[in-house]
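K.L.:
See structure.pdb below, with PDB, C-alpha atoms.
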ATOM      1  CA  MET W 850      81.463  90.287  97.465  1.00  0.00           C
ATOM      2  CA  GLY W 851      84.834  88.636  98.082  1.00  0.00           C
ATOM      3  CA  PHE W 852      86.560  87.591 101.269  1.00  0.00           C
ATOM      4  CA  ASP W 853      90.230  86.825 101.616  1.00  0.00           C
ATOM      5  CA  TRP W 854      90.831  84.062 104.113  1.00  0.00           C
ATOM      6  CA  GLN W 855      94.196  82.939 105.433  1.00  0.00           C
ATOM      7  CA  PRO W 856      94.706  79.693 107.346  1.00  0.00           C
ATOM      8  CA  ASN W 857      95.826  79.805 110.972  1.00  0.00           C
ATOM      9  CA  ALA W 858      99.551  80.286 111.548  1.00  0.00           C
ATOM     10  CA  GLY W 859     101.392  77.014 111.030  1.00  0.00           C
ATOM     11  CA  THR W 860      98.548  75.544 108.944  1.00  0.00           C
ATOM     12  CA  THR W 861      99.047  74.895 105.256  1.00  0.00           C
ATOM     13  CA  VAL W 862      96.406  75.013 102.572  1.00  0.00           C
ATOM     14  CA  ASN W 863      95.972  71.519 101.135  1.00  0.00           C
ATOM     15  CA  SER W 864      93.495  69.408  99.217  1.00  0.00           C
ATOM     16  CA  GLN W 865      92.264  67.852 102.480  1.00  0.00           C
ATOM     17  CA  ILE W 866      90.413  71.111 103.192  1.00  0.00           C
ATOM     18  CA  ILE W 867      88.599  70.808  99.837  1.00  0.00           C
ATOM     19  CA  SER W 868      87.578  67.235 100.722  1.00  0.00           C
ATOM     20  CA  GLU W 869      86.278  68.318 104.125  1.00  0.00           C
ATOM     21  CA  VAL W 870      84.254  71.191 102.640  1.00  0.00           C
ATOM     22  CA  SER W 871      82.797  68.835 100.008  1.00  0.00           C
ATOM     23  CA  GLN W 872      81.821  66.313 102.702  1.00  0.00           C
ATOM     24  CA  CYS W 873      80.144  69.088 104.717  1.00  0.00           C
ATOM     25  CA  VAL W 874      78.147  70.256 101.671  1.00  0.00           C
ATOM     26  CA  GLU W 875      77.019  66.708 100.888  1.00  0.00           C
ATOM     27  CA  SER W 876      76.076  66.111 104.545  1.00  0.00           C
ATOM     28  CA  ILE W 877      73.592  69.006 104.385  1.00  0.00           C
ATOM     29  CA  ASN W 878      71.977  67.619 101.203  1.00  0.00           C
ATOM     30  CA  GLY W 879      74.105  69.430  98.649  1.00  0.00           C
ATOM     31  CA  VAL W 880      73.653  67.746  95.251  1.00  0.00           C
ATOM     32  CA  LYS W 881      76.811  67.269  93.201  1.00  0.00           C
ATOM     33  CA  GLU W 882      76.171  68.702  89.716  1.00  0.00           C
ATOM     34  CA  GLY W 883      79.548  68.117  88.096  1.00  0.00           C
ATOM     35  CA  ARG W 884      82.955  69.654  87.530  1.00  0.00           C
ATOM     36  CA  TRP W 885      83.899  73.241  86.618  1.00  0.00           C
ATOM     37  CA  LYS W 886      87.116  74.834  85.392  1.00  0.00           C
ATOM     38  CA  ILE W 887      88.360  78.338  84.576  1.00  0.00           C
ATOM     39  CA  ALA W 888      91.784  79.365  83.234  1.00  0.00           C
ATOM     40  CA  LEU W 889      93.110  82.794  84.217  1.00  0.00           C
ATOM     41  CA  ALA W 890      96.291  84.457  82.951  1.00  0.00           C
ATOM     42  CA  PHE W 891      97.768  87.850  83.775  1.00  0.00           C
ATOM     43  CA  TYR W 892      99.342  89.422  80.712  1.00  0.00           C
ATOM     44  CA  LYS W 893     102.093  92.024  80.722  1.00  0.00           C
ATOM     45  CA  PRO W 894     103.411  94.066  77.793  1.00  0.00           C
ATOM     46  CA  ILE W 895     106.667  93.232  76.053  1.00  0.00           C
ATOM     47  CA  PHE W 896     108.630  96.461  75.597  1.00  0.00           C
ATOM     48  CA  ARG W 897     111.479  96.723  73.131  1.00  0.00           C
ATOM     49  CA  ALA W 898     114.439  98.970  73.931  1.00  0.00           C
ATOM     50  CA  ASP W 899     113.288 101.602  71.415  1.00  0.00           C
ATOM     51  CA  GLN W 900     109.713 101.740  72.780  1.00  0.00           C
ATOM     52  CA  ALA W 901     108.470 104.326  75.220  1.00  0.00           C
ATOM     53  CA  VAL W 902     105.955 103.378  77.895  1.00  0.00           C
ATOM     54  CA  SER W 903     102.557 104.687  76.802  1.00  0.00           C
ATOM     55  CA  ALA W 904      99.852 105.696  79.273  1.00  0.00           C
ATOM     56  CA  GLU W 905      97.281 104.316  76.813  1.00  0.00           C
ATOM     57  CA  ARG W 906      98.797 100.828  76.827  1.00  0.00           C
ATOM     58  CA  PRO W 907      97.706  98.721  79.836  1.00  0.00           C
ATOM     59  CA  LEU W 908     100.623  97.615  82.014  1.00  0.00           C
ATOM     60  CA  ASP W 909      98.928  94.316  82.734  1.00  0.00           C
ATOM     61  CA  PHE W 910      95.507  92.745  82.465  1.00  0.00           C
ATOM     62  CA  PRO W 911      93.809  89.438  83.240  1.00  0.00           C
ATOM     63  CA  GLY W 912      92.558  87.093  80.536  1.00  0.00           C
ATOM     64  CA  ILE W 913      89.941  84.409  81.217  1.00  0.00           C
ATOM     65  CA  ALA W 914      89.119  81.229  79.276  1.00  0.00           C
ATOM     66  CA  LEU W 915      85.991  79.180  80.003  1.00  0.00           C
ATOM     67  CA  PRO W 916      85.736  75.524  78.898  1.00  0.00           C
ATOM     68  CA  GLU W 917      82.082  75.973  77.905  1.00  0.00           C
ATOM     69  CA  GLN W 918      83.252  78.622  75.378  1.00  0.00           C
ATOM     70  CA  PRO W 919      86.487  77.128  73.991  1.00  0.00           C
ATOM     71  CA  ASN W 920      86.706  79.519  71.011  1.00  0.00           C
ATOM     72  CA  ARG W 921      86.392  82.685  73.126  1.00  0.00           C
ATOM     73  CA  HIS W 922      88.792  84.510  75.408  1.00  0.00           C
ATOM     74  CA  TYR W 923      87.938  87.437  77.680  1.00  0.00           C
ATOM     75  CA  PHE W 924      90.254  90.253  78.808  1.00  0.00           C
ATOM     76  CA  ILE W 925      89.646  92.893  81.464  1.00  0.00           C
ATOM     77  CA  ILE W 926      91.256  96.270  80.808  1.00  0.00           C
ATOM     78  CA  ARG W 927      90.841  97.705  84.298  1.00  0.00           C
ATOM     79  CA  GLY W 928      92.021 101.281  83.678  1.00  0.00           C
ATOM     80  CA  GLN W 929      89.440 101.861  80.970  1.00  0.00           C
ATOM     81  CA  LYS W 930      86.778  99.588  82.537  1.00  0.00           C
ATOM     82  CA  ILE W 931      86.535  97.454  79.402  1.00  0.00           C
ATOM     83  CA  VAL W 932      85.771  93.751  79.047  1.00  0.00           C
ATOM     84  CA  LEU W 933      87.027  92.514  75.685  1.00  0.00           C
ATOM     85  CA  GLU W 934      85.688  89.341  74.086  1.00  0.00           C
ATOM     86  CA  ALA W 935      87.993  87.862  71.446  1.00  0.00           C
ATOM     87  CA  ASP W 936      88.573  84.730  69.434  1.00  0.00           C
ATOM     88  CA  SER W 937      90.872  82.303  71.264  1.00  0.00           C
ATOM     89  CA  SER W 938      93.547  82.867  68.588  1.00  0.00           C
ATOM     90  CA  ILE W 939      94.201  86.289  70.164  1.00  0.00           C
ATOM     91  CA  GLN W 940      96.714  84.663  72.524  1.00  0.00           C
ATOM     92  CA  THR W 941      98.784  83.340  69.615  1.00  0.00           C
ATOM     93  CA  MET W 942      98.578  86.704  67.860  1.00  0.00           C
ATOM     94  CA  MET W 943      99.840  88.561  70.954  1.00  0.00           C
ATOM     95  CA  GLU W 944     102.810  86.179  71.210  1.00  0.00           C
ATOM     96  CA  LYS W 945     103.691  86.425  67.497  1.00  0.00           C
ATOM     97  CA  LEU W 946     103.385  90.216  67.526  1.00  0.00           C
ATOM     98  CA  GLN W 947     105.447  90.258  70.724  1.00  0.00           C
ATOM     99  CA  SER W 948     103.017  92.698  72.315  1.00  0.00           C
ATOM    100  CA  TYR W 949     101.951  90.878  75.498  1.00  0.00           C
ATOM    101  CA  LYS W 950     102.892  87.630  77.189  1.00  0.00           C
ATOM    102  CA  ALA W 951     101.331  85.639  80.006  1.00  0.00           C
ATOM    103  CA  ARG W 952     103.132  86.476  83.249  1.00  0.00           C
ATOM    104  CA  VAL W 953     101.147  84.212  85.585  1.00  0.00           C
ATOM    105  CA  SER W 954      98.691  81.488  84.528  1.00  0.00           C
ATOM    106  CA  LEU W 955      96.356  79.841  87.023  1.00  0.00           C
ATOM    107  CA  THR W 956      93.697  77.155  86.762  1.00  0.00           C
ATOM    108  CA  PHE W 957      90.645  77.161  89.030  1.00  0.00           C
ATOM    109  CA  GLU W 958      88.819  73.820  89.065  1.00  0.00           C
ATOM    110  CA  GLY W 959      86.603  71.770  91.300  1.00  0.00           C
ATOM    111  CA  THR W 960      83.101  70.486  91.984  1.00  0.00           C
ATOM    112  CA  GLN W 961      79.796  72.308  91.636  1.00  0.00           C
ATOM    113  CA  TYR W 962      76.865  71.650  94.008  1.00  0.00           C
ATOM    114  CA  GLN W 963      73.233  72.695  94.196  1.00  0.00           C
ATOM    115  CA  LEU W 964      72.258  73.539  97.766  1.00  0.00           C
ATOM    116  CA  GLY W 965      68.643  74.698  97.936  1.00  0.00           C
ATOM    117  CA  ASP W 966      68.440  78.043  96.117  1.00  0.00           C
ATOM    118  CA  PHE W 967      72.227  78.285  95.947  1.00  0.00           C
ATOM    119  CA  GLN W 968      74.905  77.053  93.603  1.00  0.00           C
ATOM    120  CA  LEU W 969      78.181  76.323  95.398  1.00  0.00           C
ATOM    121  CA  ARG W 970      81.537  75.812  93.701  1.00  0.00           C
ATOM    122  CA  VAL W 971      84.424  74.371  95.694  1.00  0.00           C
ATOM    123  CA  GLY W 972      87.829  73.920  94.131  1.00  0.00           C
ATOM    124  CA  LYS W 973      91.553  74.362  93.994  1.00  0.00           C
ATOM    125  CA  VAL W 974      93.764  77.030  92.496  1.00  0.00           C
ATOM    126  CA  ALA W 975      96.975  75.814  90.868  1.00  0.00           C
ATOM    127  CA  PRO W 976      99.484  77.215  88.395  1.00  0.00           C
ATOM    128  CA  SER W 977      98.619  76.062  84.867  1.00  0.00           C
ATOM    129  CA  ASN W 978     100.638  72.979  83.863  1.00  0.00           C
ATOM    130  CA  SER W 979     101.180  72.086  87.524  1.00  0.00           C
ATOM    131  CA  GLU W 980      99.347  70.254  90.293  1.00  0.00           C
ATOM    132  CA  ASN W 981     100.918  72.369  93.066  1.00  0.00           C
ATOM    133  CA  LEU W 982      98.057  73.768  95.132  1.00  0.00           C
ATOM    134  CA  ARG W 983      98.217  77.561  95.495  1.00  0.00           C
ATOM    135  CA  GLY W 984      94.855  78.132  97.118  1.00  0.00           C
ATOM    136  CA  ILE W 985      91.247  77.135  97.573  1.00  0.00           C
ATOM    137  CA  VAL W 986      88.253  78.849  95.996  1.00  0.00           C
ATOM    138  CA  MET W 987      84.608  78.758  97.093  1.00  0.00           C
ATOM    139  CA  GLU W 988      81.870  80.573  95.243  1.00  0.00           C
ATOM    140  CA  VAL W 989      78.253  80.849  96.347  1.00  0.00           C
ATOM    141  CA  ALA W 990      75.638  82.160  93.902  1.00  0.00           C
ATOM    142  CA  GLU W 991      71.974  82.666  94.704  1.00  0.00           C
ATOM    143  CA  GLN W 992      69.920  81.044  91.944  1.00  0.00           C
ATOM    144  CA  SER W 993      66.299  81.828  92.839  1.00  0.00           C
ATOM    145  CA  GLU W 994      64.378  84.991  92.041  1.00  0.00           C
ATOM    146  CA  SER W 995      62.218  84.456  95.124  1.00  0.00           C
ATOM    147  CA  TRP W 996      65.015  85.072  97.609  1.00  0.00           C
ATOM    148  CA  CYS W 997      66.158  88.613  98.400  1.00  0.00           C
ATOM    149  CA  PHE W 998      68.138  90.488 101.016  1.00  0.00           C
ATOM    150  CA  SER W 999      66.472  92.773 103.528  1.00  0.00           C
ATOM    151  CA  SER W1000      69.710  94.697 104.089  1.00  0.00           C
ATOM    152  CA  PHE W1001      69.710  96.346 100.654  1.00  0.00           C
ATOM    153  CA  GLN W1002      67.353  97.094  97.820  1.00  0.00           C
ATOM    154  CA  MET W1003      67.902  94.995  94.711  1.00  0.00           C
ATOM    155  CA  GLN W1004      68.122  97.055  91.516  1.00  0.00           C
ATOM    156  CA  ASN W1005      67.665  94.117  89.165  1.00  0.00           C
ATOM    157  CA  ALA W1006      65.559  91.147  90.278  1.00  0.00           C
ATOM    158  CA  GLN W1007      67.135  88.913  87.596  1.00  0.00           C
ATOM    159  CA  GLN W1008      70.669  89.508  88.868  1.00  0.00           C
ATOM    160  CA  ALA W1009      72.406  86.638  90.684  1.00  0.00           C
ATOM    161  CA  HIS W1010      74.351  87.539  93.808  1.00  0.00           C
ATOM    162  CA  HIS W1011      77.859  86.124  94.134  1.00  0.00           C
ATOM    163  CA  TRP W1012      80.219  85.719  97.029  1.00  0.00           C
ATOM    164  CA  SER W1013      83.683  84.306  96.526  1.00  0.00           C
ATOM    165  CA  LEU W1014      86.238  83.094  99.016  1.00  0.00           C
ATOM    166  CA  VAL W1015      89.799  82.681  97.827  1.00  0.00           C
ATOM    167  CA  SER W1016      92.546  81.572 100.160  1.00  0.00           C
ATOM    168  CA  GLY W1017      96.233  80.865 100.094  1.00  0.00           C
ATOM    169  CA  PHE W1018      97.436  83.792  97.942  1.00  0.00           C
ATOM    170  CA  HIS W1019     100.236  85.978  99.242  1.00  0.00           C
TER     171      HIS W1019
END
Go ahead and render the structure in this file as structure tokens.
P.N.:
Amino acid sequence: MGFDWQPNAGTTVNSQIISEVSQCVESINGVKEGRWKIALAFYKPIFRADQAVSAERPLDFPGIALPEQPNRHYFIIRGQKIVLEADSSIQTMMEKLQSYKARVSLTFEGTQYQLGDFQLRVGKVAPSNSENLRGIVMEVAEQSESWCFSSFQMQNAQQAHHWSLVSGFH
């Protein structure tokens, strides 16, 4: 479940908010577990003048790189509901073939906490190769199999439940 939050009018999103959230988590016995980072790029096709637009070719799609899997890259082809796992060299191949190029590249990074049965990630969103803050991300994931919701029936008891809060995007 995701929520889009916008700061009050006249307020800017800044790293001070991340510090305040981190202090709040630590004040309620959140245990700092370390750092996390995810790279996200939105790819768009490169059309040559003699090429027709094909309905089968995705107009754009996100690609995700995870530091814990440096040799893998994941793409989401939304129209066909496909998640593609590829070797990290796929990015170089797309550029050399002039098929797709990264239109927007963002880095999500921050601190991970354990808070009871929950894992909490708090971090910043910035364009890759830049420190300019574009937003703040918070993710809460339930980690225990003993906890469940009374408002809906769980189909898979092993499944973790995620909520994400992303702010600052327009």
K.L.:
Please expand the PyMOL selection byres ((chain W and resi 957) around 10) into the concrete residues it hits in this file, giving the result as a JSON list (two decimals) with C-alpha atoms, in the coordinates of the input.
P.N.:
[["chain", "number", "residue", "atom", "x", "y", "z"],
["W", 885, "TRP", "CA", 83.90, 73.24, 86.62],
["W", 886, "LYS", "CA", 87.12, 74.83, 85.39],
["W", 887, "ILE", "CA", 88.36, 78.34, 84.58],
["W", 888, "ALA", "CA", 91.78, 79.36, 83.23],
["W", 889, "LEU", "CA", 93.11, 82.79, 84.22],
["W", 955, "LEU", "CA", 96.36, 79.84, 87.02],
["W", 956, "THR", "CA", 93.70, 77.16, 86.76],
["W", 958, "GLU", "CA", 88.82, 73.82, 89.06],
["W", 959, "GLY", "CA", 86.60, 71.77, 91.30],
["W", 971, "VAL", "CA", 84.42, 74.37, 95.69],
["W", 972, "GLY", "CA", 87.83, 73.92, 94.13],
["W", 973, "LYS", "CA", 91.55, 74.36, 93.99],
["W", 974, "VAL", "CA", 93.76, 77.03, 92.50],
["W", 975, "ALA", "CA", 96.98, 75.81, 90.87],
["W", 976, "PRO", "CA", 99.48, 77.22, 88.40],
["W", 977, "SER", "CA", 98.62, 76.06, 84.87],
["W", 983, "ARG", "CA", 98.22, 77.56, 95.50],
["W", 984, "GLY", "CA", 94.86, 78.13, 97.12],
["W", 985, "ILE", "CA", 91.25, 77.14, 97.57],
["W", 986, "VAL", "CA", 88.25, 78.85, 96.00]]
K.L.:
Find the residues near stretch 921-928 of chain W: any atom within 8 Å, counting only C-alpha atoms, skip ones fewer than 6 places away on the same chain, and give them as number ranges by chain.
P.N.:
W: 907, 910-915, 934-937, 939
K.L.:
Find the distance between atom CA of W:Gln961 and atom CA of W:Ile931 and write it in Å to one decimal.
P.N.:
28.8 Å
K.L.:
For the structure shown, which residues end up in the PyMOL selection byres ((chain W and resi 950-952) around 6)? Put them as a list in words, please?
P.N.:
Ala890, Phe891, Tyr892, Lys893, Tyr949 and Val953 of chain W
K.L.:
Give as a count of residues only each residue that has an atom at most 8 Å from (75.9, 77.7, 96.0) in the file, counting only C-alpha atoms.
P.N.:
14
K.L.:
Quick one: what's the axis-aligned box for stretch 878-886 of chain W, all listed atoms, 5 Å on every side, centre and edges in Å to one decimal, as lines of an AutoDock Vina configuration file?
P.N.:
center_x = 79.5
center_y = 71.1
center_z = 93.3
size_x = 25.1
size_y = 17.6
size_z = 25.8
K.L.:
Check what the PyMOL selection byres ((chain W and resi 878) around 12) selects in the file above and give those residues as a PyMOL selection string.
P.N.:
chain W and resi 871-877+879-881+962-965+967
K.L.:
Select, from W:Met943, W:Ile867, W:Leu908, W:Leu933, the residue with the minimum atom-to-atom distance to W:Leu982, counting all atoms listed in the file.
P.N.:
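The answer is W:Ile867, which sits nearest to W:Leu982.
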K.L.:
Quick one: of W:Glu869, W:Ser948, W:Met942, W:Thr960, who's nearest to W:Asp909, counting all atoms listed in the file?
P.N.:
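Once distances to W:Asp909 are computed over all atoms listed in the file, the minimum belongs to W:Ser948.
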K.L.:
If I take atom CA of W:Lys945 and atom CA of W:Pro919, how far is one from the other in Å, to one decimal?
P.N.:
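Going from atom CA of W:Lys945 over to atom CA of W:Pro919, I get 20.6 Å.
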K.L.:
Any idea what the distance is between atom CA of W:Thr941 and atom CA of W:Asn978?
P.N.:
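These atoms are spaced 17.7 Å apart.
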K.L.:
N, CA, C and O atoms for stretch 919-930 of chain W, written as a PDB file, in the coordinates of the input, could you do that?
P.N.:
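Contents of the output file result.pdb:
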ATOM      1  N   PRO W 919      85.081  77.362  74.326  1.00  0.00           N
ATOM      2  CA  PRO W 919      86.487  77.128  73.991  1.00  0.00           C
ATOM      3  C   PRO W 919      87.051  78.039  72.903  1.00  0.00           C
ATOM      4  O   PRO W 919      88.270  78.210  72.832  1.00  0.00           O
ATOM      5  N   ASN W 920      86.214  78.647  72.085  1.00  0.00           N
ATOM      6  CA  ASN W 920      86.706  79.519  71.011  1.00  0.00           C
ATOM      7  C   ASN W 920      86.721  80.991  71.397  1.00  0.00           C
ATOM      8  O   ASN W 920      86.966  81.838  70.548  1.00  0.00           O
ATOM      9  N   ARG W 921      86.445  81.299  72.664  1.00  0.00           N
ATOM     10  CA  ARG W 921      86.392  82.685  73.126  1.00  0.00           C
ATOM     11  C   ARG W 921      87.406  82.898  74.242  1.00  0.00           C
ATOM     12  O   ARG W 921      87.726  81.983  74.996  1.00  0.00           O
ATOM     13  N   HIS W 922      87.884  84.113  74.334  1.00  0.00           N
ATOM     14  CA  HIS W 922      88.792  84.510  75.408  1.00  0.00           C
ATOM     15  C   HIS W 922      88.364  85.908  75.844  1.00  0.00           C
ATOM     16  O   HIS W 922      87.987  86.724  75.015  1.00  0.00           O
ATOM     17  N   TYR W 923      88.398  86.168  77.137  1.00  0.00           N
ATOM     18  CA  TYR W 923      87.938  87.437  77.680  1.00  0.00           C
ATOM     19  C   TYR W 923      89.094  88.131  78.395  1.00  0.00           C
ATOM     20  O   TYR W 923      89.850  87.504  79.137  1.00  0.00           O
ATOM     21  N   PHE W 924      89.226  89.442  78.170  1.00  0.00           N
ATOM     22  CA  PHE W 924      90.254  90.253  78.808  1.00  0.00           C
ATOM     23  C   PHE W 924      89.583  91.396  79.548  1.00  0.00           C
ATOM     24  O   PHE W 924      88.570  91.934  79.096  1.00  0.00           O
ATOM     25  N   ILE W 925      90.165  91.783  80.676  1.00  0.00           N
ATOM     26  CA  ILE W 925      89.646  92.893  81.464  1.00  0.00           C
ATOM     27  C   ILE W 925      90.700  93.996  81.471  1.00  0.00           C
ATOM     28  O   ILE W 925      91.792  93.808  82.008  1.00  0.00           O
ATOM     29  N   ILE W 926      90.372  95.107  80.832  1.00  0.00           N
ATOM     30  CA  ILE W 926      91.256  96.270  80.808  1.00  0.00           C
ATOM     31  C   ILE W 926      90.751  97.186  81.925  1.00  0.00           C
ATOM     32  O   ILE W 926      89.815  97.975  81.729  1.00  0.00           O
ATOM     33  N   ARG W 927      91.356  97.047  83.089  1.00  0.00           N
ATOM     34  CA  ARG W 927      90.841  97.705  84.298  1.00  0.00           C
ATOM     35  C   ARG W 927      90.832  99.229  84.215  1.00  0.00           C
ATOM     36  O   ARG W 927      89.869  99.866  84.606  1.00  0.00           O
ATOM     37  N   GLY W 928      91.909  99.824  83.713  1.00  0.00           N
ATOM     38  CA  GLY W 928      92.021 101.281  83.678  1.00  0.00           C
ATOM     39  C   GLY W 928      90.920 101.945  82.881  1.00  0.00           C
ATOM     40  O   GLY W 928      90.455 103.028  83.223  1.00  0.00           O
ATOM     41  N   GLN W 929      90.485 101.289  81.809  1.00  0.00           N
ATOM     42  CA  GLN W 929      89.440 101.861  80.970  1.00  0.00           C
ATOM     43  C   GLN W 929      88.082 101.194  81.208  1.00  0.00           C
ATOM     44  O   GLN W 929      87.121 101.479  80.505  1.00  0.00           O
ATOM     45  N   LYS W 930      88.019 100.287  82.175  1.00  0.00           N
ATOM     46  CA  LYS W 930      86.778  99.588  82.537  1.00  0.00           C
ATOM     47  C   LYS W 930      86.148  98.912  81.321  1.00  0.00           C
ATOM     48  O   LYS W 930      84.973  99.077  81.036  1.00  0.00           O
TER      49      LYS W 930
END
